[in-house]
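**Student:** A single structure is presented below for examination.
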Amino acid sequence: MLRLLMLLFLLMAPQAHAQDAFSELLPGLTGGFAQQAETVERLGALGDPRALPLLRALGDTRLLRGPDGTVIVSPGQPPPGSDVIRINNRVRGALRGALGRLQLGSPDPEERLRAAEAILRNRSADDIPILEAALGRETDARIRDRLALALGGARLAAADPASKRIGILALGRSTSPEARALLLQERIATPDLATDIDTAIASIDQRLALRRAAETAFQGLSLGSVLMLAALGLAVTFGVMGIINMAHGEFVMLGAYTTFVVQELCRDIPWLSPWSLPLAVPAAFMVTALIGAAMERGLIRFLYGRPLETLLLTFGVGMVLQQVVRLTFGAQNREVISPPWMQGTLVLPGEITITQNRAWIILFALFVLLATLAAIRLTRFGLEMRAVVQNRRIAATMGIRTGRVDAMTFAFGSGIAGLAGVALSQIDNVSPNLGTGYIIDSFMVVVFGGVGSLMGTLIGAFSLGIFNKLLEPYAGVVLAKVAVLVAIMIFIQRRPKGLFALKGRAADQ
Amino acid sequence: MINKLPPLTRRTALAGLGAALAAPAIRPAFAQATPIKVGVLHSLSGTMAISETALRDTVLMMIEWQNARGGILGRRLEAVVVDPASNWPLFAEKARELLAVSKVDVTFGCWTSVSRKSVLPVFEELNGLLFYPVQYEGEEESKNIFYTGAAPNQQAIPAVEYLMSADGGGAKRIALLGTDYVYPRTTNRILRGYLNSKGIADADIIEEYTPFGHSDWQGIVSRVKTFASQGKKTAIVSTINGDANVPFYRELGNQGIKAEDIPCVAFSVGEEELAGIDTRPLVGHLAAWNYFMSVQSPANTEFLAMWRAYIKNPRRVTNDPMEATLTGFKMWAQAVAQAGTTAVDPVRIAMIGQKVNSPCGYTEEMHANHHLSKPVMIGEIQADGQFNIISKTPTAIPAENWSPFIPENANRRRP
């Protein structure tokens, strides 16, 4: 107990300070949730500099109950078993508003931005003067926008209609769903202002519709990029070589587990650990490519031209790989941590928000596609690969070791599947069953896009992704997926060779 | 108390069929009497292994505990563990094997409602005894099954009631998100009936279902955001099951949905599920259960110590279905002792009215409808993956397994 007290510092005992307003409020923090929320609001309105560290501690569960209604701020995480003051969402909401009021003058622009957002959510007419003052000294355009919105919200909460009207105009200029919600609330409270409010809402809705369309497009691109990543490796092994590789999903899964292993290896090296994800990219490619090469040399090459046997064999290999991973890493899901630069949202002009991890995956998918195209078009290996695909015997007479090219092509496709695993570890669960969810989608994309055409895979993946996301709001997730499958079935009936059918002799093999 | 026991090794308790023969020689107390066989029917592989493995361990721990106290009726307990592998038809086959071949006296098992529905006819046909330890959608009652988890009125309805209260934020619009199978669909049907009875119109409710293991939540989460921008306080009620929760919560965090604005209450997310997630962005989101590991009670302290000693890991967590397994096991042991036999029919009758001082800090009682009275607790997720209990009922409340919010139940005779 003594050691505990030495770790902490006693913020206040009632007799230590004069009976000022601040100290009088403190016992309220140890009361029920309603009383806590009220105390927090009053502390925020007081503007006392002592309130900021106190409220921050309350939010971080570092505020402890002291003797006789006093409170203690613990500088670090308090030891387990100490009498921490717990709060609920209601108090947390009040706390956000109070912290916002206290942090409006903060030197850190991010903190000021959060403060303005917090005040909008917990607005009150009392905030008008401090918001006006803050808007007067603010130079950052983004924060000014937010402050103007918060000020609009605060004016809306004022009693006199003139002030409310100014508030409505300010909110009507935004693209914020929160502003729209505030206006709708006000419309119910004061029916006199209904016409003004309706105009403002109509103006917000116009911009919101644009924003939603952009966001849906982004979601479609994101799903498309995931589909393409998963399918690209298959486009090489199935599309180019004609091997029905049912273990393709397991290569994706192995890529995800490689990411996990790299992360664990980097964990103890502080300067390296934020870079574990980029490091996992080559590692996953190498690991899956090696396993792919071993599989092609050891098993698949004996079954060329026997698709049914190949299908059964690769299906079995997939099950073996799954079980090996389950035995090595356990059936429990493994956690791959997202680096900070992949968390949160990115706000584009027009308030279009996109999630960072998805944005990175789109970029990564395009990078993988370009790298694959470059490898096929520009390198010697790519040339040999195309030669073997077009005419194996002539290629062999030209001195190309076709067996080696086969192995390398299969390893290349497997490596790309591994790269997909790195990306999927960021958005899906890393579990032994990871791959099974993607194998159907991958075949769907390759067949729809046209077997043997990388461009077909690109276009196929993105059009399926966008089509799916357009349907989703109306049909729901499950039905949208069914609708996509039905659409593909009809399409394949009409065009059995997919979007981009190969022409010429190679296609007739 | 547990520490002073004679050195009964785990191996003797774990022993399968064959090892039983050796036991009487070691422990003369159990001489002559044939062992009581306890079936364990939990998935140890496949998608549900994540949740169900801990329940198998709980049953084995309780068997060891009971044997250390001299067994029941002077007879040793012996576990018969089978693995139905998250495969619903296999559950029925394994249940038949336990009852007809191994001739078990009692079975503890199942997690998903679909697995329970699959074994129910087998237990009724062969007159077996099953203890089902997970919260579920209700609408079922079998003389051969004892339900030691919550019925909807002991979990789902109080949770929504809390969301609509002043402390919970006064929600007026509810988004019901779930996995696409019988439990979420039935629960949401009951909740819709309940919400309508509280004056929340259908326009203020949306329902969305996703397949098991769904990972692309961006569309749904942004639709919830739009749904929440209509000027009324909105909350999410999640019946999402299994590992789809991980990407769901990640998307909530990434899209900046804070518990202060749109709280999300979950019915299938406990300490075990949170163990693999970074919970810092989720602080304040809620879960409703009848037990949390953070409950302060002497029985819970004992439970935690016993579990961690058994599993040999001082950081392992406990959760609600484990508590329900323990309570069910203790009740069954009491009922067998009282009936003086392990025969199903006398035990079934002796079960009614059994009371156990459960780790949740309340005395739970088995009622004639084969369901327990249970306290309802609402917890907020903390940064350390534990729950801070912010609301609990003053007493344990009896289960309504036939929900009054399903119109077809209006004519059903209630006991």
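Identifiers in this document derive from the order of the structure tokens: chains are assigned A, B, ..., residues are numbered from 1 separately in each chain, and ligands are numbered from 1 in order of occurrence.
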I'd like the contact shell of Pro314 of chain B - 10 Å cut-off, only C-alpha atoms, skipping same-chain residues fewer than 4 positions apart - returned as a list in words.

**Tutor:** Leu304, Ala305, Trp307, Arg308, Ala309 and Tyr310 of chain B

**Student:** Which of segment 80-280 of chain B end up as helix (DSSP H, G or I) when DSSP is run on this backbone - answer as a PyMOL selection string?

**Tutor:** chain B and resi 88-101+113-125+152-154+156-164+182-197+202-204+218-228+242-254+271-274+280

**Student:** Compile a residue-level contact table for chain B against chain A at a cut-off of 6 Å, reporting for every qualifying residue the shortest atom pair and its distance in Å to one decimal, with only C-alpha atoms counted, rows ordered by chain and ascending number, as JSON lines.

**Tutor:**
```
{"residue": "B:Ile50", "atom": "CA", "partner": "A:Gln332", "partner_atom": "CA", "distance": 5.6}
{"residue": "B:Thr210", "atom": "CA", "partner": "A:Val477", "partner_atom": "CA", "distance": 5.9}
{"residue": "B:Ser215", "atom": "CA", "partner": "A:Asp428", "partner_atom": "CA", "distance": 5.6}
{"residue": "B:Ser229", "atom": "CA", "partner": "A:Ala181", "partner_atom": "CA", "distance": 4.8}
{"residue": "B:Gln230", "atom": "CA", "partner": "A:Ala181", "partner_atom": "CA", "distance": 5.0}
{"residue": "B:Gly231", "atom": "CA", "partner": "A:Ala181", "partner_atom": "CA", "distance": 3.8}
{"residue": "B:Asn254", "atom": "CA", "partner": "A:Gly344", "partner_atom": "CA", "distance": 4.3}
{"residue": "B:Glu260", "atom": "CA", "partner": "A:Asn89", "partner_atom": "CA", "distance": 5.1}
{"residue": "B:Gly284", "atom": "CA", "partner": "A:Asn89", "partner_atom": "CA", "distance": 5.8}
```

**Student:** If you count only C-alpha atoms, which residues fall within 9 Å of segment 397-411 of chain A, apart from same-chain ones fewer than 4 positions away, as a list in words?

**Tutor:**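 Listed by chain and then number, they are Gly233, Val236, Thr237, Val240, Met241, Ile243, Met286, Thr288, Ala289, Leu290, Ile291, Gly292, Ala293, Ala294, Met295, Glu296, Arg297, Arg301, Phe381, Gly382, Glu384, Met385, Ala387, Val388, Arg392, Arg393, Gly415 and Ile416 of chain A.
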
**Student:** Taking N, CA, C and O atoms for each residue, export the selection above as a short mmCIF file (atom, residue, chain, number, x, y, z; two decimals), in the first residue's frame.

**Tutor:**
```
data_model
loop_
_atom_site.label_atom_id
_atom_site.label_comp_id
_atom_site.auth_asym_id
_atom_site.auth_seq_id
_atom_site.Cartn_x
_atom_site.Cartn_y
_atom_site.Cartn_z
N GLY A 233 -2.75 -14.86 -58.75
CA GLY A 233 -1.89 -16.04 -58.74
C GLY A 233 -2.54 -17.18 -59.52
O GLY A 233 -1.88 -17.90 -60.27
N VAL A 236 -2.27 -17.03 -63.21
CA VAL A 236 -1.03 -17.55 -63.76
C VAL A 236 -1.06 -19.08 -63.79
O VAL A 236 -0.84 -19.70 -64.83
N THR A 237 -1.39 -19.70 -62.65
CA THR A 237 -1.30 -21.17 -62.61
C THR A 237 -2.42 -21.83 -63.40
O THR A 237 -2.19 -22.78 -64.13
N VAL A 240 -2.68 -19.52 -67.26
CA VAL A 240 -1.58 -19.69 -68.20
C VAL A 240 -1.18 -21.16 -68.34
O VAL A 240 -1.01 -21.67 -69.44
N MET A 241 -1.07 -21.86 -67.19
CA MET A 241 -0.59 -23.24 -67.25
C MET A 241 -1.72 -24.26 -67.37
O MET A 241 -1.47 -25.41 -67.73
N ILE A 243 -3.44 -25.51 -64.86
CA ILE A 243 -3.51 -26.43 -63.72
C ILE A 243 -4.65 -25.98 -62.81
O ILE A 243 -4.70 -24.83 -62.39
N MET A 286 8.68 -15.45 -51.21
CA MET A 286 9.69 -16.50 -51.25
C MET A 286 9.14 -17.81 -50.68
O MET A 286 9.30 -18.88 -51.28
N THR A 288 6.05 -18.97 -50.22
CA THR A 288 5.01 -19.66 -50.99
C THR A 288 5.55 -20.10 -52.35
O THR A 288 5.16 -21.14 -52.86
N ALA A 289 6.47 -19.31 -52.93
CA ALA A 289 7.03 -19.71 -54.22
C ALA A 289 7.83 -21.00 -54.07
O ALA A 289 7.74 -21.91 -54.90
N LEU A 290 8.59 -21.12 -52.97
CA LEU A 290 9.38 -22.34 -52.75
C LEU A 290 8.46 -23.54 -52.56
O LEU A 290 8.70 -24.61 -53.14
N ILE A 291 7.42 -23.36 -51.76
CA ILE A 291 6.49 -24.47 -51.55
C ILE A 291 5.82 -24.84 -52.88
O ILE A 291 5.65 -26.02 -53.20
N GLY A 292 5.47 -23.80 -53.66
CA GLY A 292 4.84 -24.04 -54.96
C GLY A 292 5.77 -24.82 -55.88
O GLY A 292 5.36 -25.78 -56.54
N ALA A 293 7.05 -24.42 -55.92
CA ALA A 293 8.01 -25.11 -56.78
C ALA A 293 8.15 -26.56 -56.36
O ALA A 293 8.15 -27.48 -57.20
N ALA A 294 8.23 -26.78 -55.06
CA ALA A 294 8.37 -28.14 -54.55
C ALA A 294 7.14 -28.97 -54.93
O ALA A 294 7.27 -30.13 -55.34
N MET A 295 5.99 -28.36 -54.86
CA MET A 295 4.76 -29.07 -55.17
C MET A 295 4.71 -29.43 -56.65
O MET A 295 4.32 -30.54 -57.04
N GLU A 296 5.14 -28.48 -57.50
CA GLU A 296 5.08 -28.73 -58.94
C GLU A 296 6.07 -29.85 -59.32
O GLU A 296 5.72 -30.80 -60.01
N ARG A 297 7.31 -29.74 -58.78
CA ARG A 297 8.32 -30.74 -59.13
C ARG A 297 7.99 -32.10 -58.53
O ARG A 297 8.19 -33.14 -59.14
N ARG A 301 3.80 -32.30 -61.77
CA ARG A 301 4.34 -32.54 -63.12
C ARG A 301 4.03 -33.95 -63.64
O ARG A 301 4.03 -34.19 -64.82
N PHE A 381 12.51 -14.70 -68.26
CA PHE A 381 11.65 -15.74 -67.71
C PHE A 381 10.24 -15.63 -68.31
O PHE A 381 9.65 -16.63 -68.72
N GLY A 382 9.77 -14.39 -68.42
CA GLY A 382 8.44 -14.18 -68.97
C GLY A 382 8.36 -14.62 -70.43
O GLY A 382 7.39 -15.25 -70.86
N GLU A 384 10.23 -16.88 -71.91
CA GLU A 384 10.27 -18.34 -71.97
C GLU A 384 8.92 -18.93 -71.58
O GLU A 384 8.46 -19.89 -72.18
N MET A 385 8.32 -18.29 -70.58
CA MET A 385 7.03 -18.79 -70.13
C MET A 385 6.00 -18.69 -71.25
O MET A 385 5.27 -19.65 -71.53
N ALA A 387 6.59 -18.55 -74.39
CA ALA A 387 6.97 -19.48 -75.47
C ALA A 387 6.47 -20.89 -75.16
O ALA A 387 5.88 -21.56 -76.01
N VAL A 388 6.66 -21.33 -73.91
CA VAL A 388 6.25 -22.69 -73.54
C VAL A 388 4.74 -22.82 -73.64
O VAL A 388 4.22 -23.83 -74.09
N ARG A 392 4.91 -25.82 -76.72
CA ARG A 392 5.90 -26.44 -75.85
C ARG A 392 7.04 -27.09 -76.64
O ARG A 392 8.21 -26.90 -76.32
N ARG A 393 6.68 -27.81 -77.72
CA ARG A 393 7.73 -28.56 -78.41
C ARG A 393 8.70 -27.66 -79.16
O ARG A 393 9.90 -27.86 -79.13
N GLY A 415 3.71 -17.65 -55.50
CA GLY A 415 4.27 -16.49 -54.81
C GLY A 415 3.30 -15.33 -54.81
O GLY A 415 3.13 -14.63 -53.80
N ILE A 416 2.61 -15.12 -55.94
CA ILE A 416 1.63 -14.03 -56.00
C ILE A 416 0.49 -14.31 -55.01
O ILE A 416 0.00 -13.41 -54.32
#
```

**Student:** Taking the DSSP assignment computed from this structure's backbone, write out as a VMD selection string all residues of segment 228-401 of chain A that belong to strand (DSSP E).

**Tutor:** chain A and resid 345 to 348 352 to 355

**Student:** I need the chosen residues saved as a PDB file, in the first residue's frame, with C-alpha atoms.

**Tutor:**
```pdb
ATOM      1  CA  THR A 345      -9.645   6.999 -42.107  1.00  0.00           C
ATOM      2  CA  LEU A 346      -8.399   9.386 -44.738  1.00  0.00           C
ATOM      3  CA  VAL A 347     -10.602  12.422 -45.386  1.00  0.00           C
ATOM      4  CA  LEU A 348     -10.603  13.550 -49.026  1.00  0.00           C
ATOM      5  CA  ILE A 352     -15.263  11.627 -48.564  1.00  0.00           C
ATOM      6  CA  THR A 353     -13.838   9.294 -45.971  1.00  0.00           C
ATOM      7  CA  ILE A 354     -11.985   6.158 -46.938  1.00  0.00           C
ATOM      8  CA  THR A 355     -10.377   3.665 -44.607  1.00  0.00           C
TER       9      THR A 355
END
```

**Student:** For Ile168 of chain A, find every residue with an atom within 10 Å (counting only C-alpha atoms), except residues of its own chain fewer than 2 positions away, and show them as a ChimeraX atom specification.

**Tutor:** /A:149,152-153,155-156,162-166,170-173,179-180,182-183,186,193,196-201

**Student:** With C-alpha atoms retained, export the selected residues as a short mmCIF file (atom, residue, chain, number, x, y, z; two decimals), in the first residue's frame.

**Tutor:**
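After the write, out-v6.cif holds the following:
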```cif
data_model
loop_
_atom_site.label_atom_id
_atom_site.label_comp_id
_atom_site.auth_asym_id
_atom_site.auth_seq_id
_atom_site.Cartn_x
_atom_site.Cartn_y
_atom_site.Cartn_z
CA LEU A 149 -19.79 23.70 -37.85
CA GLY A 152 -23.44 26.50 -36.02
CA GLY A 153 -24.45 23.64 -33.75
CA ARG A 155 -26.10 28.61 -32.18
CA LEU A 156 -28.80 26.11 -33.03
CA ALA A 162 -32.25 34.75 -35.02
CA SER A 163 -29.26 32.92 -33.61
CA LYS A 164 -30.84 29.59 -34.57
CA ARG A 165 -31.21 30.78 -38.19
CA ILE A 166 -27.52 31.66 -38.43
CA ALA A 170 -23.83 27.36 -41.12
CA LEU A 171 -24.83 23.71 -40.77
CA GLY A 172 -26.45 23.72 -44.22
CA ARG A 173 -23.10 24.50 -45.82
CA ALA A 179 -25.02 18.28 -38.93
CA ARG A 180 -27.95 16.70 -40.75
CA LEU A 182 -28.75 17.98 -35.52
CA LEU A 183 -30.99 19.79 -38.01
CA GLU A 186 -34.17 20.80 -34.28
CA LEU A 193 -38.10 26.93 -38.50
CA ASP A 196 -35.23 27.01 -43.20
CA ILE A 197 -34.21 23.61 -41.94
CA ASP A 198 -35.60 21.79 -44.96
CA THR A 199 -33.60 24.03 -47.31
CA ALA A 200 -30.45 23.38 -45.31
CA ILE A 201 -31.07 19.62 -45.26
#
```

**Student:** Quick one: residues within 12 Å of Ala116 of chain A, only C-alpha atoms, excluding same-chain residues fewer than 5 positions away - as a ChimeraX atom specification?

**Tutor:** /A:96-106,109-111,121-123,127,130-132,134-135,138,142-154

**Student:** Output the selection as a short mmCIF file (atom, residue, chain, number, x, y, z; two decimals), in the first residue's frame - N, CA, C and O atoms for each residue.

**Tutor:**
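Resulting contents of selection-v2.cif:
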```cif
data_model
loop_
_atom_site.label_atom_id
_atom_site.label_comp_id
_atom_site.auth_asym_id
_atom_site.auth_seq_id
_atom_site.Cartn_x
_atom_site.Cartn_y
_atom_site.Cartn_z
N ARG A 96 -15.84 13.86 -23.36
CA ARG A 96 -15.32 14.29 -24.65
C ARG A 96 -15.62 15.77 -24.89
O ARG A 96 -14.75 16.53 -25.31
N GLY A 97 -16.86 16.18 -24.54
CA GLY A 97 -17.23 17.58 -24.69
C GLY A 97 -16.40 18.48 -23.79
O GLY A 97 -15.87 19.51 -24.22
N ALA A 98 -16.24 18.05 -22.53
CA ALA A 98 -15.50 18.87 -21.56
C ALA A 98 -14.04 19.00 -22.00
O ALA A 98 -13.46 20.10 -21.99
N LEU A 99 -13.44 17.89 -22.43
CA LEU A 99 -12.05 17.93 -22.89
C LEU A 99 -11.95 18.83 -24.11
O LEU A 99 -10.99 19.58 -24.27
N GLY A 100 -12.97 18.78 -24.99
CA GLY A 100 -12.98 19.62 -26.18
C GLY A 100 -12.91 21.09 -25.79
O GLY A 100 -12.11 21.86 -26.34
N ARG A 101 -13.74 21.47 -24.84
CA ARG A 101 -13.75 22.88 -24.41
C ARG A 101 -12.40 23.29 -23.86
O ARG A 101 -11.93 24.40 -24.09
N LEU A 102 -11.77 22.38 -23.11
CA LEU A 102 -10.49 22.73 -22.47
C LEU A 102 -9.34 22.71 -23.48
O LEU A 102 -8.33 23.34 -23.27
N GLN A 103 -9.52 21.98 -24.60
CA GLN A 103 -8.40 21.82 -25.53
C GLN A 103 -8.52 22.71 -26.76
O GLN A 103 -7.70 22.62 -27.65
N LEU A 104 -9.53 23.58 -26.80
CA LEU A 104 -9.71 24.45 -27.97
C LEU A 104 -8.48 25.31 -28.20
O LEU A 104 -8.17 25.67 -29.33
N GLY A 105 -7.78 25.67 -27.13
CA GLY A 105 -6.61 26.54 -27.27
C GLY A 105 -5.32 25.77 -27.34
O GLY A 105 -4.25 26.35 -27.22
N SER A 106 -5.39 24.46 -27.55
CA SER A 106 -4.18 23.64 -27.53
C SER A 106 -3.25 24.01 -28.69
O SER A 106 -3.70 24.37 -29.77
N PRO A 109 -2.49 21.05 -33.51
CA PRO A 109 -3.66 21.19 -34.40
C PRO A 109 -4.58 19.98 -34.38
O PRO A 109 -5.80 20.13 -34.46
N GLU A 110 -4.00 18.76 -34.25
CA GLU A 110 -4.85 17.56 -34.21
C GLU A 110 -5.78 17.62 -33.00
O GLU A 110 -6.95 17.24 -33.08
N GLU A 111 -5.25 18.09 -31.89
CA GLU A 111 -6.04 18.18 -30.67
C GLU A 111 -7.16 19.22 -30.85
O GLU A 111 -8.29 19.01 -30.40
N ARG A 121 -20.54 17.48 -31.13
CA ARG A 121 -21.36 16.37 -30.65
C ARG A 121 -21.98 16.66 -29.30
O ARG A 121 -22.98 16.06 -28.95
N ASN A 122 -21.35 17.51 -28.49
CA ASN A 122 -21.90 17.82 -27.16
C ASN A 122 -22.18 19.32 -27.09
O ASN A 122 -21.79 20.00 -26.16
N ARG A 123 -22.83 19.86 -28.10
CA ARG A 123 -22.94 21.32 -28.21
C ARG A 123 -23.85 21.87 -27.13
O ARG A 123 -24.73 21.19 -26.62
N ASP A 127 -21.33 27.54 -25.37
CA ASP A 127 -20.03 27.45 -26.04
C ASP A 127 -19.83 28.54 -27.09
O ASP A 127 -18.75 28.68 -27.63
N ILE A 130 -16.70 30.96 -26.60
CA ILE A 130 -15.36 30.35 -26.74
C ILE A 130 -15.12 29.89 -28.17
O ILE A 130 -14.01 29.97 -28.68
N LEU A 131 -16.18 29.45 -28.84
CA LEU A 131 -16.02 29.01 -30.23
C LEU A 131 -15.72 30.20 -31.14
O LEU A 131 -14.88 30.13 -32.03
N GLU A 132 -16.42 31.33 -30.88
CA GLU A 132 -16.15 32.52 -31.69
C GLU A 132 -14.70 32.96 -31.52
O GLU A 132 -14.02 33.30 -32.48
N ALA A 134 -12.18 31.09 -30.62
CA ALA A 134 -11.29 30.11 -31.24
C ALA A 134 -11.26 30.27 -32.76
O ALA A 134 -10.21 30.18 -33.39
N LEU A 135 -12.44 30.54 -33.33
CA LEU A 135 -12.53 30.72 -34.78
C LEU A 135 -11.74 31.96 -35.20
O LEU A 135 -11.09 31.98 -36.25
N GLU A 138 -7.99 30.96 -35.27
CA GLU A 138 -7.59 29.74 -36.01
C GLU A 138 -7.13 30.09 -37.43
O GLU A 138 -7.74 30.92 -38.10
N ARG A 142 -8.93 23.46 -42.30
CA ARG A 142 -9.73 22.30 -41.92
C ARG A 142 -10.35 22.49 -40.54
O ARG A 142 -11.53 22.17 -40.33
N ILE A 143 -9.54 23.03 -39.62
CA ILE A 143 -10.06 23.23 -38.26
C ILE A 143 -11.11 24.34 -38.28
O ILE A 143 -12.12 24.27 -37.57
N ARG A 144 -10.89 25.36 -39.14
CA ARG A 144 -11.87 26.46 -39.24
C ARG A 144 -13.24 25.89 -39.66
O ARG A 144 -14.26 26.26 -39.10
N ASP A 145 -13.22 25.01 -40.65
CA ASP A 145 -14.46 24.38 -41.10
C ASP A 145 -15.19 23.71 -39.94
O ASP A 145 -16.39 23.88 -39.74
N ARG A 146 -14.41 22.93 -39.20
CA ARG A 146 -14.99 22.18 -38.07
C ARG A 146 -15.51 23.14 -37.01
O ARG A 146 -16.59 22.91 -36.44
N LEU A 147 -14.74 24.20 -36.75
CA LEU A 147 -15.16 25.16 -35.73
C LEU A 147 -16.45 25.85 -36.15
O LEU A 147 -17.36 26.05 -35.34
N ALA A 148 -16.52 26.20 -37.45
CA ALA A 148 -17.73 26.87 -37.94
C ALA A 148 -18.94 25.96 -37.76
O ALA A 148 -20.03 26.40 -37.38
N LEU A 149 -18.72 24.67 -38.01
CA LEU A 149 -19.79 23.70 -37.85
C LEU A 149 -20.22 23.61 -36.38
O LEU A 149 -21.41 23.62 -36.06
N ALA A 150 -19.21 23.53 -35.50
CA ALA A 150 -19.50 23.45 -34.07
C ALA A 150 -20.24 24.71 -33.61
O ALA A 150 -21.19 24.65 -32.83
N LEU A 151 -19.79 25.86 -34.15
CA LEU A 151 -20.43 27.13 -33.78
C LEU A 151 -21.88 27.13 -34.27
O LEU A 151 -22.79 27.56 -33.55
N GLY A 152 -22.08 26.62 -35.49
CA GLY A 152 -23.44 26.50 -36.02
C GLY A 152 -24.30 25.65 -35.09
O GLY A 152 -25.43 26.00 -34.77
N GLY A 153 -23.73 24.54 -34.65
CA GLY A 153 -24.45 23.64 -33.75
C GLY A 153 -24.79 24.33 -32.44
O GLY A 153 -25.91 24.20 -31.93
N ALA A 154 -23.82 25.08 -31.91
CA ALA A 154 -24.04 25.77 -30.64
C ALA A 154 -25.13 26.84 -30.81
O ALA A 154 -25.99 27.01 -29.94
#
```

**Student:** Pick out the residues sitting within 7 Å of Ala171 of chain B, and hand them over as a list in words; count only C-alpha atoms, and ignore anything fewer than 3 positions along from it in its own chain.

**Tutor:**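 The neighbour list is Leu163, Met164, Lys233, Thr234 and Ala235 of chain B.
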
**Student:** I'd like the neighbourhood of segment 73-78 of chain B as an NGL selection string, where a residue qualifies if any of its atoms comes within 7 Å (using only C-alpha atoms), though same-chain residues fewer than 2 positions away should be ignored.

**Tutor:** :B and (13 or 30 or 33-38 or 63 or 67 or 70-71 or 80 or 337 or 340)
